[in-house]
Amino acid sequence: MTQIKSIAVIGAGTMGAAIAAHVANAGYPVLLLDIVPNKLTEEEETKGLTLEHPKVRNRLVSDGFERAKKAKPASFMSSEAMRLVKLGNTKDDFDQLAEADWIIEAIIEKLKPKQAMMERIETIRRPDSIVTSNSSGLPMADIAAGRSDGFKQHFMGSHFFNPVRRMKLLELIPTADTDKAVIEAISLFGEEVLGKGIVFCNDTPNFISNRLFSINNCYAADYAIRKGYTVSEVDTLTGPLLGRPKTGTFRLQDLIGIDIVASVAQNLHALIPHDPYRDILVAPALSKLIDGMLKNKWLGNKTGQGYYKKSQDEKGKRVFLTLNLESFEYEIPDKPNFLSIRMVEKFADLGERVRALLYELWEDKTETLTIADMIYTWPDERGARFVREMLSYELSYVASCAQEIAHNLTSIDEAIRWGFGFEVGPFQLWDMAEVDSMVQTMEYADRPVAPWVKEMLAAGYDNFYRIEDGLVTGYYDWHTKQYQNMHVNPKHTSIKRLRKANKVVEENDSATLYDTGDGVLLLEFHTKANTIDFGMREIMTETQQILAQNNNYVGLMIGNEGKHFCAGANIREFVVDAERGKFDNIRKFINSLQETIMGFRYGRKPVVGAVHSLALGGGTELIMGCSRIVAHAESYMGLVEIGVGLIPAGGGTTGLVERIISQAMQMPDTDLLPLAKKLFETIGMAKVSSSAAEAFGLGYLRSGDRVVMNRDNLLYEAKQEVLNLVAEGYTPSPPPMLYAGGRDLLDALKMWVWTMQQSNHITAHEAVIGNELVYIMAGGELSRPQWLPQQHFLDLERDAFVKLLKTEKTQERIWHMLKTRQPLRN
């Protein structure tokens with residue numbers, strides 16, 4: 001099997017440059033090529049450059065690289081990743097492709113240019129190098145037509161989704177000629193190195209995700225136009241209500257680009273003459289609207305207007321106008337008001353919401369009608385009617401083409417979840433809606449139901465997925481016509497499976513301690529946003545006691561499968577106690593929190609933090625107290641307490657004094673002020689890393705900590721890190737002595753705070769907070785610089801935290817954050 005160590009990407013457009021960026025994010029060098037321009041720009045002519053000048057010849061690739069560097073959301077995770085990208089062009093540097101193990105083609109989405117590129121690549125590639133196309137829908141067999149058998153054996157499709165860094169899905173499209181070892185190599189690299197969720201697709205037009213998206217999105221838009229729904233109404237009905245992103249239907253088209261959506265639809269229509277649903281792609285009402293938008297260059301986000309347009313109201317406040325689908329004019333949208341939404345919003349569970357929208361809202365109308373009859377007895381409820389029409393169409397279509405586009409139904413569900421950020425895929429949603437009831441609804445509406453679905457129900461299989469003891473253990477296989485066991489990746493640790501296997505050691509309402517086997521414990525948080533509260537602190541203390549006293553346990557990992565790792569401390573508890581004057585309670589809590597975090601750090605058994613997503617405030621402090629950290633690449637860490645008028649008091653300020661100041665001051669002739677400035681800005685400006693890679697530069701991660709690209713593997717890798725530390729004979733370091741700059745540093749930093757206040761960069765209360773922060777950084781008002789015990793700084797943290805909580809303005813900040821989720825600068 002080919003070992004992939006070097007990668008080349010041909011095409012520096014939006015996708016090609018983003019693919020190159022993500023390869024670099026994974027730590028691999030990548031060659032990025034684009035064509036040579038055939039015409040000078042005005043700027044180049046003014047400078048007297050010619051078409052032979054290197055800057056001109058590399059202009060297109062350089063422009064694509066620069067766009068990737070400035071992209072929002074960011075394509076690169078760090079400046080170090082940027083330096084791994086080498087730029088070139090397809091004339092002067094094409095021979096460098098001979099050095100690449102994997103060559104990714106990402107040029108214009110047209111068959112003939114892609115075929116011509118493959119012909120060129122074949123003349124230069126090594127016999128064992130792998131070539132893939134990032135086409136979003138062209139048949140792979142057609143792209144490789146005319147190439148040698150050896151080329152075809154090393155060729156397949158690799159369809160990334162935009163934005164490449166953020167979207168989990170990677171569709172792989174082998175042809176009948178692709179060698180199994182090649183498929184395995186790309187699949188393994190995509191999953192383990194790039195962190196992608198791999199879905200294998202049949203080599204059919206637009207593969208899985210784009211095929212389903214194009215048809216179903218066009219239906220929703222066309223139905224809205226014909227039935228008089230507004231843009232904001234549709235996006236409300238097709239967003240989080242159905243477990244889908246806030247972009248809904250129309251905002252998603254703006255994000256993708258109206259021109260791209262139109263082009264994909266037209267191309268797909270020509271490629272699937274056999275598909276009875278294809279005419280929705282060129283439906284008259286929708287086509288008329290799209291043609292008008294293209295004519296006006298209303299292409300979505302890229303041109304500043306599409307279905308949505310940024311504007312300002314009379315007070316200068318930013319507002320989003322929406323396109324009136326009838327008048328073709330922009331207007332301030334009315335807030336959608338659907339009775340059905342008001343009736344189902346109480347249901348947190350998606351399945352309950354869907355069933356309520358489809359059936360249960362009507363149950364009190366009659367006890368004699370069928371499920372399908374119920375749907376049609378309340379024609380005045382426009383919201384539920386839209387959902388019913390859309391879902392019945394979507395599920396009818398996905399079942400009709402499922403066997404053509406995919407190997408199994410799990411591939412379809414994974415493709416939709418990972419490619420578009422849906423909570424569940426179509427067959428999972430169908431199970432939630434009750435399969436037989438949904439079939440009745442489709443039949444009543446004269447929508448076709450795929451024969452294999454009817455066959456499944458007739459054979460006694462009531463659901464697409466088999467559920468045993470609350471766990472999904474199998475799926476219906478249309479080939480064998482029975483349930484097949486779900487593949488369980490040994491690197492995907494499931495907390496739900498641990499609970500079902502009775503692996504709970506200790507728990508309360510805030511957290512649970514599990515035995516994962518091999519002597520490794522797992523501490524999971526499950527409060528709202530995984531915030532640290534009194535219950536969590538209690539179980540952390542119990543965890544330390546169990547770990548210390550039970551020789552069957554060799555180490556601990558702290559992690560969870562929640563949306564975020566930990567959003568910090570529960571500040572509501574603090575402000576309520578502050579208003580009641582219970583400052584002793586607050587002081588005791590901070591003391592206990594510090595002791596707990598330091599207990600993890602200096603305990604005799606290793607503690608590994610498995611951080612992901614948001615780790616803010618106390619979440620970052622907890623992670624900094626671990627023996628080692630295994631971080632998902634998309635980890636956003638920061639000490640953000642200043643936003644609520646506080647300073648980090650769970651060891652965060654002290655930790656950065658150690659990592660930024662004290663470690664550097666061990667070297668002679670070190671300039672203290674730049675270090676102090678960096679620390680002050682990190683906390684004072686509430687800097688949050690945009691990735692795990694950036695967290696190293698901020699001091700939240702340090703040498704020895706690891707980054708994992710695939711979130712699904714995070715807990716597994718954290719457990720392996722615990723076992724590795726044990727095998728190495730883990731011994732904790734003693735608490736360090738920290739450098740205190742004393743009065744001279746304190747005076748300099750106070751002057752800096754005063755200057756910022758005088759220049760109106762910070763408010764008077766922010767100056768109060770800033771002065772508390774610099775007092776800790778300096779170690780207090782000491783007469784001379786000296787090295788002091790860590791506990792000295794921890795005490796200063798605690799005292800400053802309680803002192804600030806006593807101020808009215810900090811309490812105002814906390815309540816404002818709790819009520820609005822926005823910081824208050826008072």
# chains A, B, ... in the order shown; residues from 1 in each chain; ligands from 1

call {"tool": "residues_around", "arguments": {"residues": "segment 451-463 of chain A", "least_positions_apart": "5", "cutoff": "9 Å", "atoms": "only C-alpha atoms", "output": "PyMOL selection string"}}
result
chain A and resi 399-400+427+430-431+434-436+439+475-476+478+481-483

call {"tool": "residues_around", "arguments": {"residues": "segment 291-304 of chain A", "least_positions_apart": "4", "cutoff": "6 Å", "atoms": "only C-alpha atoms", "output": "list of chain:residue names"}}
result
A:Asp254, A:Leu255, A:Gly257, A:Ile258, A:Asp259, A:Ser287

call {"tool": "write_last_selection", "arguments": {"atoms": "all heavy atoms", "output": "CSV table (one decimal), in the first residue's frame"}}
result
chain,number,residue,atom,x,y,z
A,254,ASP,N,-27.4,31.1,-0.5
A,254,ASP,CA,-26.6,32.3,-0.5
A,254,ASP,C,-25.1,31.9,-0.2
A,254,ASP,O,-24.2,32.5,-0.7
A,254,ASP,CB,-27.1,33.3,0.5
A,254,ASP,CG,-28.2,34.2,-0.2
A,254,ASP,OD1,-28.5,34.0,-1.3
A,254,ASP,OD2,-28.7,35.1,0.6
A,255,LEU,N,-25.0,31.1,0.8
A,255,LEU,CA,-23.6,30.7,1.2
A,255,LEU,C,-22.9,29.9,0.1
A,255,LEU,O,-21.7,30.2,-0.1
A,255,LEU,CB,-23.8,29.8,2.5
A,255,LEU,CG,-22.4,29.2,3.1
A,255,LEU,CD1,-21.6,30.4,3.6
A,255,LEU,CD2,-22.7,28.3,4.2
A,257,GLY,N,-23.6,30.0,-3.1
A,257,GLY,CA,-23.5,30.8,-4.3
A,257,GLY,C,-24.6,30.5,-5.3
A,257,GLY,O,-24.7,29.3,-5.7
A,258,ILE,N,-25.5,31.4,-5.6
A,258,ILE,CA,-26.6,31.1,-6.5
A,258,ILE,C,-26.2,30.6,-7.9
A,258,ILE,O,-26.8,29.7,-8.4
A,258,ILE,CB,-27.5,32.4,-6.7
A,258,ILE,CG1,-27.9,33.0,-5.3
A,258,ILE,CG2,-28.7,32.1,-7.5
A,258,ILE,CD1,-28.6,32.1,-4.4
A,259,ASP,N,-25.1,31.2,-8.4
A,259,ASP,CA,-24.5,30.7,-9.6
A,259,ASP,C,-24.1,29.2,-9.6
A,259,ASP,O,-24.3,28.5,-10.5
A,259,ASP,CB,-23.4,31.6,-10.1
A,259,ASP,CG,-22.3,31.7,-9.1
A,259,ASP,OD1,-22.6,31.5,-7.9
A,259,ASP,OD2,-21.1,32.0,-9.4
A,287,SER,N,-36.9,28.4,-11.9
A,287,SER,CA,-36.0,28.8,-13.0
A,287,SER,C,-36.1,30.3,-13.3
A,287,SER,O,-35.1,31.0,-13.5
A,287,SER,CB,-36.2,28.0,-14.2
A,287,SER,OG,-35.9,26.6,-14.0

call {"tool": "closest_residue", "arguments": {"among": "A:Ile130, A:Ser136, A:Val554, A:Glu538", "to": "Met156 of chain A", "atoms": "only C-alpha atoms"}}
result
A:Ile130

call {"tool": "select_by_dssp", "arguments": {"residues": "segment 197-283 of chain A", "states": "strand (DSSP E)", "output": "list in words"}}
result
Gly197, Ile198, Val199 and Phe200 of chain A

call {"tool": "atom_distance", "arguments": {"atom1": "atom CA of Gln115 of chain A", "atom2": "atom CA of Asn38 of chain A"}}
result
21.4 Å

call {"tool": "residues_around", "arguments": {"residues": "Tyr553 of chain A", "least_positions_apart": "3", "cutoff": "10 Å", "atoms": "only C-alpha atoms", "output": "list in words"}}
result
Asp515, Gly517, Asp518, Gly519, Val520, Leu521, Ile546, Leu547, Ala548, Gln549, Asn550, Leu556 and Lys605 of chain A

call {"tool": "closest_residue", "arguments": {"among": "A:Leu656, A:Val640, A:Val504, A:Leu818", "to": "Phe696 of chain A", "atoms": "only C-alpha atoms"}}
result
A:Leu656

call {"tool": "closest_residue", "arguments": {"among": "A:Pro113, A:Pro490, A:Gly239, A:Gly618", "to": "Val387 of chain A", "atoms": "only C-alpha atoms"}}
result
A:Gly239

call {"tool": "closest_residue", "arguments": {"among": "A:Ile10, A:Ala181, A:Leu87, A:Ile495", "to": "Ile108 of chain A", "atoms": "only C-alpha atoms"}}
result
A:Ile10

call {"tool": "atom_distance", "arguments": {"atom1": "atom CA of Ala74 of chain A", "atom2": "atom CA of Tyr636 of chain A"}}
result
13.2 Å

call {"tool": "residues_around", "arguments": {"residues": "Leu188 of chain A", "least_positions_apart": "6", "cutoff": "12 Å", "atoms": "only C-alpha atoms", "output": "PyMOL selection string"}}
result
chain A and resi 1-4+170+172+181-182+194-199+710

call {"tool": "residues_around", "arguments": {"residues": "segment 275-284 of chain A", "least_positions_apart": "5", "cutoff": "9 Å", "atoms": "only C-alpha atoms", "output": "short mmCIF file (atom, residue, chain, number, x, y, z; two decimals) with C-alpha atoms, in the first residue's frame"}}
result
data_model
loop_
_atom_site.label_atom_id
_atom_site.label_comp_id
_atom_site.auth_asym_id
_atom_site.auth_seq_id
_atom_site.Cartn_x
_atom_site.Cartn_y
_atom_site.Cartn_z
CA SER A 214 -29.87 19.51 -5.46
CA ILE A 215 -33.19 17.74 -5.91
CA ASN A 216 -34.58 18.34 -2.42
CA CYS A 218 -34.96 22.79 -5.47
CA TYR A 219 -38.24 21.22 -4.38
CA ASP A 222 -40.06 25.78 -5.80
CA ALA A 262 -27.85 26.90 -10.68
CA ALA A 265 -28.76 21.85 -11.05
CA GLN A 266 -28.46 22.31 -14.82
CA LEU A 268 -27.32 17.28 -12.98
CA HIS A 269 -30.51 17.54 -15.00
CA ALA A 270 -28.60 16.58 -18.13
CA LEU A 289 -36.48 33.37 -10.14
CA TYR A 397 -36.79 10.70 -3.35
CA CYS A 401 -32.41 6.60 -5.71
#

call {"tool": "atom_distance", "arguments": {"atom1": "atom CA of Gln790 of chain A", "atom2": "atom CA of Thr731 of chain A"}}
result
18.9 Å

call {"tool": "select_by_dssp", "arguments": {"residues": "segment 735-821 of chain A", "states": "helix (DSSP H, G or I)", "output": "PyMOL selection string"}}
result
chain A and resi 742-758+764-777+790-805+808-820

call {"tool": "residues_around", "arguments": {"residues": "Gln720 of chain A", "least_positions_apart": "4", "cutoff": "10 Å", "atoms": "only C-alpha atoms", "output": "PyMOL selection string"}}
result
chain A and resi 520+557+608+630+714-716+724-726

call {"tool": "closest_residue", "arguments": {"among": "A:Ala664, A:Gly699, A:Asn585, A:Val193", "to": "Leu679 of chain A", "atoms": "only C-alpha atoms"}}
result
A:Gly699
